[in-house]
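Asker: Dropping in my_file_20.txt, which is compact mmCIF, C-alpha atoms:
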# COMPACT_ATOMS: atom_id res chain seq x y z
CA MET A 1 -24.71 -14.24 -0.31
CA ASN A 2 -21.10 -14.79 0.44
CA ARG A 3 -21.09 -15.94 4.06
CA ARG A 4 -17.71 -17.56 4.35
CA GLU A 5 -15.07 -16.59 6.90
CA PRO A 6 -13.21 -13.44 5.97
CA GLN A 7 -9.81 -14.31 4.58
CA ILE A 8 -6.67 -12.35 5.17
CA THR A 9 -4.93 -11.91 1.88
CA ARG A 10 -1.18 -11.66 1.67
CA GLU A 11 0.78 -8.47 1.83
CA TYR A 12 1.58 -7.02 -1.56
CA SER A 13 3.20 -3.96 -2.98
CA ILE A 14 2.33 -1.90 -6.00
CA ALA A 15 5.63 -2.83 -7.60
CA ASP A 16 6.15 -6.52 -6.99
CA GLN A 17 4.70 -8.36 -9.90
CA ARG A 18 4.96 -11.74 -8.23
CA ARG A 19 2.81 -10.59 -5.36
CA TRP A 20 0.26 -9.00 -7.63
CA ALA A 21 -1.88 -12.12 -7.70
CA ILE A 22 -3.88 -11.10 -4.70
CA ILE A 23 -7.39 -12.42 -4.76
CA GLU A 24 -7.63 -16.15 -4.30
CA ASP A 25 -11.34 -16.24 -4.95
CA HIS A 26 -12.76 -18.25 -7.83
CA LEU A 27 -15.10 -15.39 -8.61
CA ALA A 28 -12.44 -12.83 -9.31
CA GLU A 29 -9.31 -13.31 -11.32
CA PRO A 30 -5.99 -12.13 -9.89
CA LYS A 31 -5.24 -8.56 -10.76
CA LYS A 32 -2.56 -5.94 -10.48
CA LEU A 33 -3.05 -3.09 -8.08
CA GLU A 34 -2.55 -0.78 -11.03
CA GLU A 35 -5.51 -2.38 -12.78
CA LEU A 36 -7.45 -2.25 -9.55
CA LEU A 37 -7.01 1.50 -9.29
CA GLU A 38 -7.63 1.94 -12.99
CA SER A 39 -10.90 0.05 -12.76
CA LEU A 40 -11.87 2.45 -10.01
CA SER A 41 -11.11 5.29 -12.43
CA TYR A 42 -8.01 6.43 -10.57
CA PHE A 43 -5.02 7.48 -12.57
CA PHE A 44 -1.36 7.60 -11.90
CA SER A 45 -1.25 11.21 -10.84
CA ALA A 46 -3.31 10.52 -7.74
CA VAL A 47 -2.16 7.18 -6.36
CA MET A 48 -2.12 7.69 -2.61
CA VAL A 49 -1.46 4.07 -1.70
CA ASP A 50 1.99 2.53 -2.17
CA HIS A 51 1.60 -0.68 -0.27
CA VAL A 52 -1.28 -2.83 0.99
CA GLN A 53 -0.23 -4.30 4.34
CA GLU A 54 -3.30 -6.26 5.30
CA VAL A 55 -6.78 -6.92 3.96
CA GLU A 56 -9.59 -8.62 5.77
CA ARG A 57 -12.57 -9.10 3.49
CA GLU A 58 -15.57 -6.88 4.24
CA LYS A 59 -13.88 -5.81 7.46
CA MET A 60 -10.74 -3.74 7.33
CA ILE A 61 -7.71 -2.72 5.30
CA ARG A 62 -4.32 -1.33 6.27
CA THR A 63 -2.32 0.50 3.62
CA VAL A 64 0.81 2.62 3.55
CA LYS A 65 1.80 5.76 1.69
CA TRP A 66 5.38 7.04 1.74
CA VAL A 67 5.46 10.82 1.48
CA SER A 68 8.39 12.17 -0.53
CA ALA A 69 9.45 15.74 -1.27
CA ASN A 70 9.70 14.80 -4.93
CA GLU A 71 5.95 14.67 -5.57
CA PHE A 72 4.31 17.18 -7.84
CA TYR A 73 1.74 18.57 -5.41
CA LEU A 74 4.41 19.39 -2.83
CA ALA A 75 6.21 21.67 -5.31
CA GLY A 76 3.41 24.21 -5.00
CA HIS A 77 1.93 23.34 -1.59
CA PHE A 78 3.89 25.28 -0.41
CA PRO A 79 7.16 26.43 -2.01
CA GLY A 80 9.85 26.02 0.64
CA GLU A 81 7.31 24.72 3.17
CA PRO A 82 6.11 21.32 1.95
CA ILE A 83 2.94 19.98 3.61
CA LEU A 84 0.80 17.17 2.22
CA PRO A 85 -2.55 18.72 1.22
CA GLY A 86 -5.31 17.59 3.59
CA VAL A 87 -7.57 16.57 0.72
CA LEU A 88 -4.90 14.12 -0.41
CA THR A 89 -4.77 12.54 3.06
CA LEU A 90 -8.54 12.17 2.72
CA GLU A 91 -8.00 10.80 -0.79
CA GLY A 92 -5.74 8.12 0.70
CA ILE A 93 -8.53 7.05 3.07
CA ILE A 94 -11.01 6.96 0.16
CA GLN A 95 -8.68 4.96 -2.09
CA SER A 96 -8.05 2.46 0.72
CA ALA A 97 -11.82 2.05 1.14
CA LEU A 98 -12.20 1.54 -2.62
CA ILE A 99 -9.50 -1.14 -2.58
CA LEU A 100 -11.22 -2.83 0.36
CA ALA A 101 -14.50 -2.84 -1.61
CA ALA A 102 -12.77 -4.30 -4.67
CA GLU A 103 -11.03 -6.88 -2.47
CA SER A 104 -14.36 -8.07 -1.07
CA PRO A 105 -15.99 -9.73 -4.04
CA GLY A 106 -19.56 -10.92 -3.59
CA ARG A 107 -21.36 -12.61 -6.46
CA GLY A 108 -19.32 -10.52 -8.83
CA LYS A 109 -16.68 -7.85 -8.92
CA ARG A 110 -17.39 -4.92 -6.69
CA SER A 111 -16.40 -1.36 -7.28
CA GLY A 112 -17.38 1.83 -5.56
CA THR A 113 -18.01 5.48 -6.12
CA LEU A 114 -17.83 8.15 -3.50
CA ALA A 115 -21.24 9.01 -2.02
CA LYS A 116 -20.48 10.97 1.11
CA VAL A 117 -17.68 12.16 3.34
CA ASP A 118 -18.33 13.20 6.90
CA ARG A 119 -16.57 14.20 10.12
CA VAL A 120 -13.21 14.94 8.53
CA ARG A 121 -10.67 15.98 11.14
CA PHE A 122 -7.07 16.97 10.56
CA LYS A 123 -4.90 16.68 13.64
CA ARG A 124 -1.31 16.82 12.44
CA ALA A 125 0.48 18.13 9.36
CA VAL A 126 1.99 15.45 7.14
CA ILE A 127 5.42 16.42 5.78
CA PRO A 128 7.94 14.76 3.44
CA GLY A 129 9.73 11.85 5.05
CA ASP A 130 6.60 10.66 6.86
CA ARG A 131 5.15 7.19 6.49
CA VAL A 132 1.37 7.46 6.53
CA GLU A 133 -0.63 4.39 7.46
CA PHE A 134 -4.28 4.30 6.48
CA LEU A 135 -6.60 2.16 8.59
CA VAL A 136 -10.06 1.79 7.11
CA SER A 137 -12.78 -0.44 8.52
CA LEU A 138 -16.25 -1.21 7.28
CA THR A 139 -18.76 -0.20 9.96
CA ALA A 140 -22.19 -0.61 8.37
CA LYS A 141 -23.95 -1.63 5.18
CA ASP A 142 -27.16 0.00 4.04
CA GLY A 143 -28.07 -1.64 0.76
CA ALA A 144 -25.57 -0.45 -1.79
CA LEU A 145 -24.17 2.13 0.61
CA TRP A 146 -21.17 0.95 2.56
CA LYS A 147 -20.00 3.03 5.49
CA PHE A 148 -16.36 3.16 6.40
CA LYS A 149 -14.40 4.70 9.23
CA GLY A 150 -10.94 5.77 8.21
CA LYS A 151 -7.88 6.97 10.00
CA ALA A 152 -4.49 8.16 8.81
CA ARG A 153 -1.60 7.67 11.19
CA VAL A 154 2.00 8.84 11.19
CA GLY A 155 3.87 6.63 13.63
CA GLU A 156 1.69 6.58 16.72
CA GLU A 157 0.06 9.94 16.04
CA THR A 158 -3.28 10.36 14.31
CA ALA A 159 -2.97 12.71 11.33
CA ALA A 160 -6.55 12.64 10.06
CA GLU A 161 -9.87 10.92 10.55
CA ALA A 162 -12.89 10.68 8.28
CA ASP A 163 -16.13 8.80 7.75
CA VAL A 164 -16.61 7.75 4.15
CA VAL A 165 -19.69 6.33 2.43
CA LEU A 166 -19.26 4.50 -0.87
CA LYS A 167 -21.94 3.44 -3.28
CA ILE A 168 -21.08 -0.10 -4.29
CA THR A 169 -21.91 -1.49 -7.69
CA GLN A 170 -21.61 -5.14 -8.46
CA LYS A 171 -20.78 -6.58 -11.82
CA GLU A 172 -22.45 -9.97 -12.07
CA LEU A 173 -20.48 -12.65 -13.81
CA GLY A 174 -22.03 -15.17 -16.18
CA PHE A 175 -22.92 -18.80 -15.49
CA GLY A 176 -20.21 -21.29 -14.72
CA LEU A 177 -17.89 -18.74 -13.13
CA MET B 1 16.87 15.79 12.94
CA MET B 2 16.57 17.96 9.87
CA GLU B 3 13.22 18.37 8.16
CA ASN B 4 12.68 18.90 4.47
CA ARG B 5 12.11 22.63 4.94
CA GLU B 6 15.66 23.06 6.25
CA ILE B 7 17.04 20.78 3.53
CA GLN B 8 15.47 23.06 0.94
CA SER B 9 17.12 26.08 2.53
CA LEU B 10 20.54 24.41 2.22
CA LEU B 11 20.25 22.50 -1.07
CA PRO B 12 19.54 24.32 -4.32
CA HIS B 13 17.63 21.30 -5.66
CA ARG B 14 13.86 21.50 -6.11
CA TYR B 15 11.05 19.42 -7.56
CA PRO B 16 11.37 17.39 -9.78
CA PHE B 17 14.93 16.76 -8.70
CA LEU B 18 14.90 16.88 -4.91
CA LEU B 19 15.81 13.37 -3.81
CA VAL B 20 16.36 13.76 -0.06
CA ASP B 21 13.40 13.85 2.34
CA ARG B 22 14.86 13.92 5.82
CA ILE B 23 18.21 13.85 7.63
CA THR B 24 18.42 11.63 10.69
CA GLU B 25 22.11 11.90 11.64
CA LEU B 26 24.67 14.55 10.83
CA ASN B 27 28.29 14.67 11.87
CA LEU B 28 29.52 17.92 10.34
CA GLY B 29 31.82 17.27 7.40
CA LYS B 30 32.35 13.65 8.44
CA SER B 31 29.23 11.57 7.95
CA ILE B 32 25.55 11.91 7.24
CA VAL B 33 22.52 9.60 7.29
CA GLY B 34 19.19 10.46 5.73
CA TYR B 35 16.43 8.95 3.71
CA LYS B 36 14.24 9.24 0.69
CA ASN B 37 10.76 7.78 0.54
CA VAL B 38 10.08 6.23 -2.83
CA SER B 39 6.42 6.75 -3.65
CA ALA B 40 4.34 5.61 -6.62
CA ASN B 41 3.51 9.24 -7.43
CA GLU B 42 6.99 10.11 -8.59
CA HIS B 43 7.26 11.36 -12.14
CA PHE B 44 10.03 9.03 -13.31
CA PHE B 45 7.89 5.95 -12.70
CA GLN B 46 5.57 7.00 -15.53
CA GLY B 47 8.10 6.01 -18.13
CA HIS B 48 10.57 3.83 -16.21
CA PHE B 49 8.89 1.46 -16.89
CA PRO B 50 5.17 1.50 -17.69
CA GLY B 51 3.61 -1.29 -15.62
CA THR B 52 6.91 -2.19 -13.91
CA PRO B 53 7.99 0.80 -11.84
CA ILE B 54 11.73 0.77 -10.99
CA MET B 55 13.64 3.78 -9.69
CA PRO B 56 16.40 4.64 -12.22
CA GLY B 57 19.83 3.68 -10.89
CA VAL B 58 21.31 7.05 -11.85
CA LEU B 59 18.73 8.72 -9.62
CA VAL B 60 19.79 6.52 -6.70
CA VAL B 61 23.35 7.78 -7.31
CA GLU B 62 22.01 11.35 -7.59
CA ALA B 63 20.27 10.94 -4.21
CA MET B 64 23.59 9.84 -2.70
CA ALA B 65 25.29 12.85 -4.33
CA GLN B 66 22.67 15.23 -2.92
CA ILE B 67 23.04 13.94 0.62
CA SER B 68 26.85 14.20 0.33
CA GLY B 69 26.42 17.74 -0.94
CA LEU B 70 24.38 18.49 2.20
CA MET B 71 27.12 17.09 4.42
CA PHE B 72 29.76 19.37 2.85
CA ALA B 73 27.48 22.38 2.45
CA GLN B 74 26.99 22.42 6.22
CA ARG B 75 30.65 23.25 6.91
CA LEU B 76 31.44 26.85 7.63
CA GLU B 77 34.05 27.39 4.92
CA HIS B 78 31.70 25.90 2.35
CA THR B 79 28.61 27.96 3.00
CA GLY B 80 27.27 29.57 -0.13
CA LYS B 81 29.11 27.05 -2.30
CA LEU B 82 27.69 24.56 -4.75
CA ALA B 83 29.03 21.02 -4.88
CA PHE B 84 29.71 19.87 -8.45
CA LEU B 85 30.33 16.23 -9.23
CA LEU B 86 33.85 15.53 -10.46
CA SER B 87 33.99 11.74 -10.56
CA MET B 88 32.17 8.57 -9.60
CA ASP B 89 34.03 5.35 -8.85
CA GLY B 90 32.99 1.86 -7.95
CA VAL B 91 29.32 2.47 -8.67
CA LYS B 92 27.41 -0.69 -7.87
CA LEU B 93 23.67 -1.04 -8.33
CA ARG B 94 22.82 -4.26 -6.56
CA LYS B 95 19.06 -4.34 -6.39
CA ALA B 96 16.06 -2.59 -7.94
CA VAL B 97 14.37 0.15 -5.92
CA VAL B 98 10.58 0.14 -6.22
CA PRO B 99 7.67 2.29 -4.95
CA GLY B 100 6.98 1.62 -1.29
CA ASP B 101 10.68 1.42 -0.38
CA GLN B 102 12.46 3.66 2.05
CA LEU B 103 15.90 4.41 0.65
CA VAL B 104 18.31 5.03 3.53
CA LEU B 105 21.30 7.05 2.31
CA THR B 106 24.62 7.06 4.14
CA SER B 107 27.68 9.07 3.22
CA GLU B 108 31.12 9.22 4.85
CA ALA B 109 33.78 11.77 4.01
CA VAL B 110 37.15 10.37 3.03
CA LYS B 111 38.90 13.67 2.35
CA SER B 112 37.67 17.21 2.50
CA HIS B 113 39.65 20.24 1.36
CA THR B 114 38.51 23.81 0.90
CA ARG B 115 37.85 23.34 -2.81
CA SER B 116 37.27 19.62 -3.20
CA ALA B 117 35.87 16.67 -1.31
CA HIS B 118 35.81 12.91 -1.57
CA CYS B 119 33.26 10.59 0.03
CA LYS B 120 31.97 7.05 0.15
CA CYS B 121 28.22 6.49 -0.11
CA LYS B 122 25.82 3.66 0.45
CA ALA B 123 22.09 3.24 -0.11
CA THR B 124 20.08 0.59 1.72
CA VAL B 125 16.47 -0.60 1.76
CA GLY B 126 15.77 -2.45 5.01
CA ASP B 127 18.91 -4.53 5.58
CA VAL B 128 19.77 -4.85 1.90
CA VAL B 129 22.45 -2.68 0.32
CA VAL B 130 21.00 -1.55 -3.01
CA ALA B 131 23.76 0.77 -4.24
CA GLU B 132 27.27 1.92 -3.39
CA CYS B 133 29.63 4.46 -4.89
CA GLU B 134 32.57 6.79 -4.30
CA LEU B 135 32.09 10.39 -5.29
CA LYS B 136 34.40 13.36 -5.72
CA PHE B 137 33.11 16.91 -5.64
CA MET B 138 34.40 20.33 -6.51
CA LEU B 139 33.07 23.13 -4.33
CA VAL B 140 32.39 26.25 -6.36
CA ASP B 141 31.25 29.67 -5.24
CA ASN B 142 27.65 30.25 -6.21
CA ASP B 143 28.28 33.78 -7.50
CA LYS B 144 31.43 32.96 -9.52
CA LEU B 145 29.60 30.94 -12.16
Once more with this new file: its structure as structure tokens, please.
Answerer:
Amino acid sequence: MNRREPQITREYSIADQRRWAIIEDHLAEPKKLEELLESLSYFFSAVMVDHVQEVEREKMIRTVKWVSANEFYLAGHFPGEPILPGVLTLEGIIQSALILAAESPGRGKRSGTLAKVDRVRFKRAVIPGDRVEFLVSLTAKDGALWKFKGKARVGEETAAEADVVLKITQKELGFGL
Amino acid sequence: MMENREIQSLLPHRYPFLLVDRITELNLGKSIVGYKNVSANEHFFQGHFPGTPIMPGVLVVEAMAQISGLMFAQRLEHTGKLAFLLSMDGVKLRKAVVPGDQLVLTSEAVKSHTRSAHCKCKATVGDVVVAECELKFMLVDNDKL
């Protein structure tokens, strides 16, 4: 299939329209991150990635989430004692893996659905004011199942770790594309 | 230096109007430095504007007002008082603030009396100054309202 050297795409942010043209592959048209998440059936209320720092096709992705006290889930988790829910840290790892899958087009557009989560470890509470960095790397492929190893870091400390398996579907494009 | 939990015990603001995440420097009644992380999950980005998220300028000013309120609320004679905005001067919004930015808020007191206060504020993202303003507050007893 696609055996070329993995390319490092440029850094882009969710907000900067000029940097939204991210995929320089003739098989996939440039798209906005918003569309990317939408095509993965993620909606605004659960965007856990603010910034994509680095993508290496079919290898790894590095993304950033800024945690603010003004987010809806911190109002109730917990009143007066805001802590980022652990499932949302995990969600950040999963969304980063989904973006990595979408950023690694094969013979068509790729998208993923969650198949399995394993070995989730929480090591540090994430609180407002933290900058969480998600590092996700592709470790193995088993047919349509792609295995990822993910890590969430705050500064130098590891906040969470998880192994994620996604089921990848590929949308073949027509002739001449 | 001061985590959000302590900020919430000093400021009356709560979600969806708590615009300070952490305090890094505090010089009682004189100056304060803190920051707000601007994330894509914030409610005002849903409508401002769909597809092109920009943090409303008035909310940047509100964030500067909240951090100034914290600086004055920390002083002994002002404990248990609320800081009400009296005036804003020289408000400059120089650059758009977008999700993924860290808004560093700085405030310096110019004058501070028992019932009123005056300060100069600045908001930066990286090395770029995004907003500036001068604010005047009235300090009112919480129970006399």
Asker: Report the distance between CA of Ser111 in chain A and CA of Val67 in chain A in Å, rounded to one decimal place.
Answerer: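 Going from CA of Ser111 in chain A over to CA of Val67 in chain A, I get 26.5 Å.
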Asker: Can you tell me how far CA of Arg75 in chain B sits from CA of Glu81 in chain A, in Å to one decimal?
Answerer: 23.7 Å
Asker: Give me, as a list in words, the contact residues of chain A against chain B at a cut-off of 6 Å, counting only C-alpha atoms.
Answerer: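 Listing them in order of chain and number gives Ala15, Asp50, His51, Trp66, Ser68, Ala69, Asn70, Glu71, Ala75, Gly80, Glu81, Pro128 and Gly129 of chain A.
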Asker: Between CA of Arg62 in chain A and CA of Leu135 in chain A, what is the distance, to one decimal in Å?
Answerer: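 Separation between CA of Arg62 in chain A and CA of Leu135 in chain A: 4.8 Å.
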Asker: Could you pull the residues within 12 Å of Lys59 in chain A, counting all atoms listed in the file, minus those fewer than 5 positions along the same chain, as a short mmCIF file (atom, residue, chain, number, x, y, z; two decimals) with C-alpha atoms, in the coordinates of the input?
Answerer:
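Dumped to around_0.cif:
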data_model
loop_
_atom_site.label_atom_id
_atom_site.label_comp_id
_atom_site.auth_asym_id
_atom_site.auth_seq_id
_atom_site.Cartn_x
_atom_site.Cartn_y
_atom_site.Cartn_z
CA GLU A 5 -15.07 -16.59 6.90
CA PRO A 6 -13.21 -13.44 5.97
CA GLN A 7 -9.81 -14.31 4.58
CA ILE A 8 -6.67 -12.35 5.17
CA GLU A 54 -3.30 -6.26 5.30
CA ALA A 97 -11.82 2.05 1.14
CA ILE A 99 -9.50 -1.14 -2.58
CA LEU A 100 -11.22 -2.83 0.36
CA ALA A 101 -14.50 -2.84 -1.61
CA GLU A 103 -11.03 -6.88 -2.47
CA SER A 104 -14.36 -8.07 -1.07
CA LEU A 135 -6.60 2.16 8.59
CA VAL A 136 -10.06 1.79 7.11
CA SER A 137 -12.78 -0.44 8.52
CA LEU A 138 -16.25 -1.21 7.28
CA THR A 139 -18.76 -0.20 9.96
CA ALA A 140 -22.19 -0.61 8.37
CA LYS A 141 -23.95 -1.63 5.18
CA TRP A 146 -21.17 0.95 2.56
CA LYS A 147 -20.00 3.03 5.49
CA PHE A 148 -16.36 3.16 6.40
CA LYS A 149 -14.40 4.70 9.23
CA GLY A 150 -10.94 5.77 8.21
#
Asker: How would range 36-47 of chain B look with all heavy atoms restored, written as a PDB file, keeping the file's coordinate frame?
Answerer:
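result.pdb written:
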ATOM      1  N   LYS B  36      15.165   8.811   1.728  1.00  0.00           N
ATOM      2  CA  LYS B  36      14.240   9.240   0.690  1.00  0.00           C
ATOM      3  C   LYS B  36      13.133   8.213   0.630  1.00  0.00           C
ATOM      4  O   LYS B  36      13.382   7.014   0.563  1.00  0.00           O
ATOM      5  CB  LYS B  36      14.987   9.296  -0.646  1.00  0.00           C
ATOM      6  CG  LYS B  36      14.116   8.992  -1.844  1.00  0.00           C
ATOM      7  CD  LYS B  36      14.239  10.035  -2.913  1.00  0.00           C
ATOM      8  CE  LYS B  36      13.159   9.907  -3.938  1.00  0.00           C
ATOM      9  NZ  LYS B  36      11.894  10.522  -3.527  1.00  0.00           N
ATOM     10  N   ASN B  37      11.904   8.673   0.690  1.00  0.00           N
ATOM     11  CA  ASN B  37      10.760   7.780   0.540  1.00  0.00           C
ATOM     12  C   ASN B  37      10.432   7.651  -0.944  1.00  0.00           C
ATOM     13  O   ASN B  37      10.246   8.658  -1.622  1.00  0.00           O
ATOM     14  CB  ASN B  37       9.545   8.345   1.264  1.00  0.00           C
ATOM     15  CG  ASN B  37       9.658   8.194   2.762  1.00  0.00           C
ATOM     16  OD1 ASN B  37      10.482   7.439   3.255  1.00  0.00           O
ATOM     17  ND2 ASN B  37       8.832   8.905   3.482  1.00  0.00           N
ATOM     18  N   VAL B  38      10.368   6.431  -1.412  1.00  0.00           N
ATOM     19  CA  VAL B  38      10.080   6.230  -2.830  1.00  0.00           C
ATOM     20  C   VAL B  38       8.592   5.944  -2.968  1.00  0.00           C
ATOM     21  O   VAL B  38       8.106   4.920  -2.504  1.00  0.00           O
ATOM     22  CB  VAL B  38      10.919   5.070  -3.405  1.00  0.00           C
ATOM     23  CG1 VAL B  38      10.696   4.942  -4.886  1.00  0.00           C
ATOM     24  CG2 VAL B  38      12.391   5.305  -3.119  1.00  0.00           C
ATOM     25  N   SER B  39       7.867   6.892  -3.572  1.00  0.00           N
ATOM     26  CA  SER B  39       6.420   6.750  -3.650  1.00  0.00           C
ATOM     27  C   SER B  39       5.984   6.545  -5.103  1.00  0.00           C
ATOM     28  O   SER B  39       6.691   6.921  -6.030  1.00  0.00           O
ATOM     29  CB  SER B  39       5.748   7.987  -3.051  1.00  0.00           C
ATOM     30  OG  SER B  39       5.057   8.703  -4.024  1.00  0.00           O
ATOM     31  N   ALA B  40       4.823   5.935  -5.278  1.00  0.00           N
ATOM     32  CA  ALA B  40       4.340   5.610  -6.620  1.00  0.00           C
ATOM     33  C   ALA B  40       4.008   6.861  -7.421  1.00  0.00           C
ATOM     34  O   ALA B  40       3.882   6.808  -8.640  1.00  0.00           O
ATOM     35  CB  ALA B  40       3.100   4.727  -6.526  1.00  0.00           C
ATOM     36  N   ASN B  41       3.887   8.005  -6.746  1.00  0.00           N
ATOM     37  CA  ASN B  41       3.510   9.240  -7.430  1.00  0.00           C
ATOM     38  C   ASN B  41       4.661   9.905  -8.146  1.00  0.00           C
ATOM     39  O   ASN B  41       4.461  10.938  -8.767  1.00  0.00           O
ATOM     40  CB  ASN B  41       2.986  10.239  -6.407  1.00  0.00           C
ATOM     41  CG  ASN B  41       1.502  10.143  -6.249  1.00  0.00           C
ATOM     42  OD1 ASN B  41       0.831   9.652  -7.143  1.00  0.00           O
ATOM     43  ND2 ASN B  41       0.995  10.585  -5.146  1.00  0.00           N
ATOM     44  N   GLU B  42       5.861   9.365  -8.036  1.00  0.00           N
ATOM     45  CA  GLU B  42       6.990  10.110  -8.590  1.00  0.00           C
ATOM     46  C   GLU B  42       7.027  10.044 -10.106  1.00  0.00           C
ATOM     47  O   GLU B  42       6.697   9.023 -10.708  1.00  0.00           O
ATOM     48  CB  GLU B  42       8.279   9.617  -7.948  1.00  0.00           C
ATOM     49  CG  GLU B  42       8.480  10.451  -6.709  1.00  0.00           C
ATOM     50  CD  GLU B  42       9.479   9.906  -5.758  1.00  0.00           C
ATOM     51  OE1 GLU B  42       9.166   8.963  -5.048  1.00  0.00           O
ATOM     52  OE2 GLU B  42      10.572  10.439  -5.746  1.00  0.00           O
ATOM     53  N   HIS B  43       7.417  11.195 -10.687  1.00  0.00           N
ATOM     54  CA  HIS B  43       7.260  11.360 -12.140  1.00  0.00           C
ATOM     55  C   HIS B  43       8.042  10.361 -12.952  1.00  0.00           C
ATOM     56  O   HIS B  43       7.593   9.942 -14.005  1.00  0.00           O
ATOM     57  CB  HIS B  43       7.654  12.793 -12.522  1.00  0.00           C
ATOM     58  CG  HIS B  43       9.062  13.114 -12.146  1.00  0.00           C
ATOM     59  ND1 HIS B  43      10.073  13.089 -13.048  1.00  0.00           N
ATOM     60  CD2 HIS B  43       9.617  13.408 -10.955  1.00  0.00           C
ATOM     61  CE1 HIS B  43      11.208  13.377 -12.423  1.00  0.00           C
ATOM     62  NE2 HIS B  43      10.949  13.584 -11.154  1.00  0.00           N
ATOM     63  N   PHE B  44       9.221   9.915 -12.465  1.00  0.00           N
ATOM     64  CA  PHE B  44      10.030   9.030 -13.310  1.00  0.00           C
ATOM     65  C   PHE B  44       9.443   7.633 -13.445  1.00  0.00           C
ATOM     66  O   PHE B  44       9.818   6.893 -14.350  1.00  0.00           O
ATOM     67  CB  PHE B  44      11.484   8.965 -12.823  1.00  0.00           C
ATOM     68  CG  PHE B  44      11.657   8.836 -11.335  1.00  0.00           C
ATOM     69  CD1 PHE B  44      11.446   7.636 -10.695  1.00  0.00           C
ATOM     70  CD2 PHE B  44      12.038   9.939 -10.593  1.00  0.00           C
ATOM     71  CE1 PHE B  44      11.621   7.522  -9.335  1.00  0.00           C
ATOM     72  CE2 PHE B  44      12.215   9.839  -9.220  1.00  0.00           C
ATOM     73  CZ  PHE B  44      12.010   8.633  -8.589  1.00  0.00           C
ATOM     74  N   PHE B  45       8.505   7.271 -12.569  1.00  0.00           N
ATOM     75  CA  PHE B  45       7.890   5.950 -12.700  1.00  0.00           C
ATOM     76  C   PHE B  45       6.926   5.857 -13.877  1.00  0.00           C
ATOM     77  O   PHE B  45       6.567   4.777 -14.301  1.00  0.00           O
ATOM     78  CB  PHE B  45       7.155   5.569 -11.412  1.00  0.00           C
ATOM     79  CG  PHE B  45       8.064   5.254 -10.269  1.00  0.00           C
ATOM     80  CD1 PHE B  45       7.899   5.837  -9.038  1.00  0.00           C
ATOM     81  CD2 PHE B  45       9.101   4.350 -10.438  1.00  0.00           C
ATOM     82  CE1 PHE B  45       8.746   5.548  -7.988  1.00  0.00           C
ATOM     83  CE2 PHE B  45       9.965   4.046  -9.395  1.00  0.00           C
ATOM     84  CZ  PHE B  45       9.786   4.653  -8.171  1.00  0.00           C
ATOM     85  N   GLN B  46       6.507   7.026 -14.389  1.00  0.00           N
ATOM     86  CA  GLN B  46       5.570   7.000 -15.530  1.00  0.00           C
ATOM     87  C   GLN B  46       6.183   6.343 -16.748  1.00  0.00           C
ATOM     88  O   GLN B  46       5.509   5.658 -17.502  1.00  0.00           O
ATOM     89  CB  GLN B  46       5.156   8.429 -15.886  1.00  0.00           C
ATOM     90  CG  GLN B  46       4.236   9.026 -14.869  1.00  0.00           C
ATOM     91  CD  GLN B  46       3.792  10.413 -15.254  1.00  0.00           C
ATOM     92  OE1 GLN B  46       3.437  10.658 -16.389  1.00  0.00           O
ATOM     93  NE2 GLN B  46       3.829  11.317 -14.310  1.00  0.00           N
ATOM     94  N   GLY B  47       7.487   6.573 -16.928  1.00  0.00           N
ATOM     95  CA  GLY B  47       8.100   6.010 -18.130  1.00  0.00           C
ATOM     96  C   GLY B  47       9.144   4.962 -17.827  1.00  0.00           C
ATOM     97  O   GLY B  47       9.675   4.341 -18.753  1.00  0.00           O
TER      98      GLY B  47
END
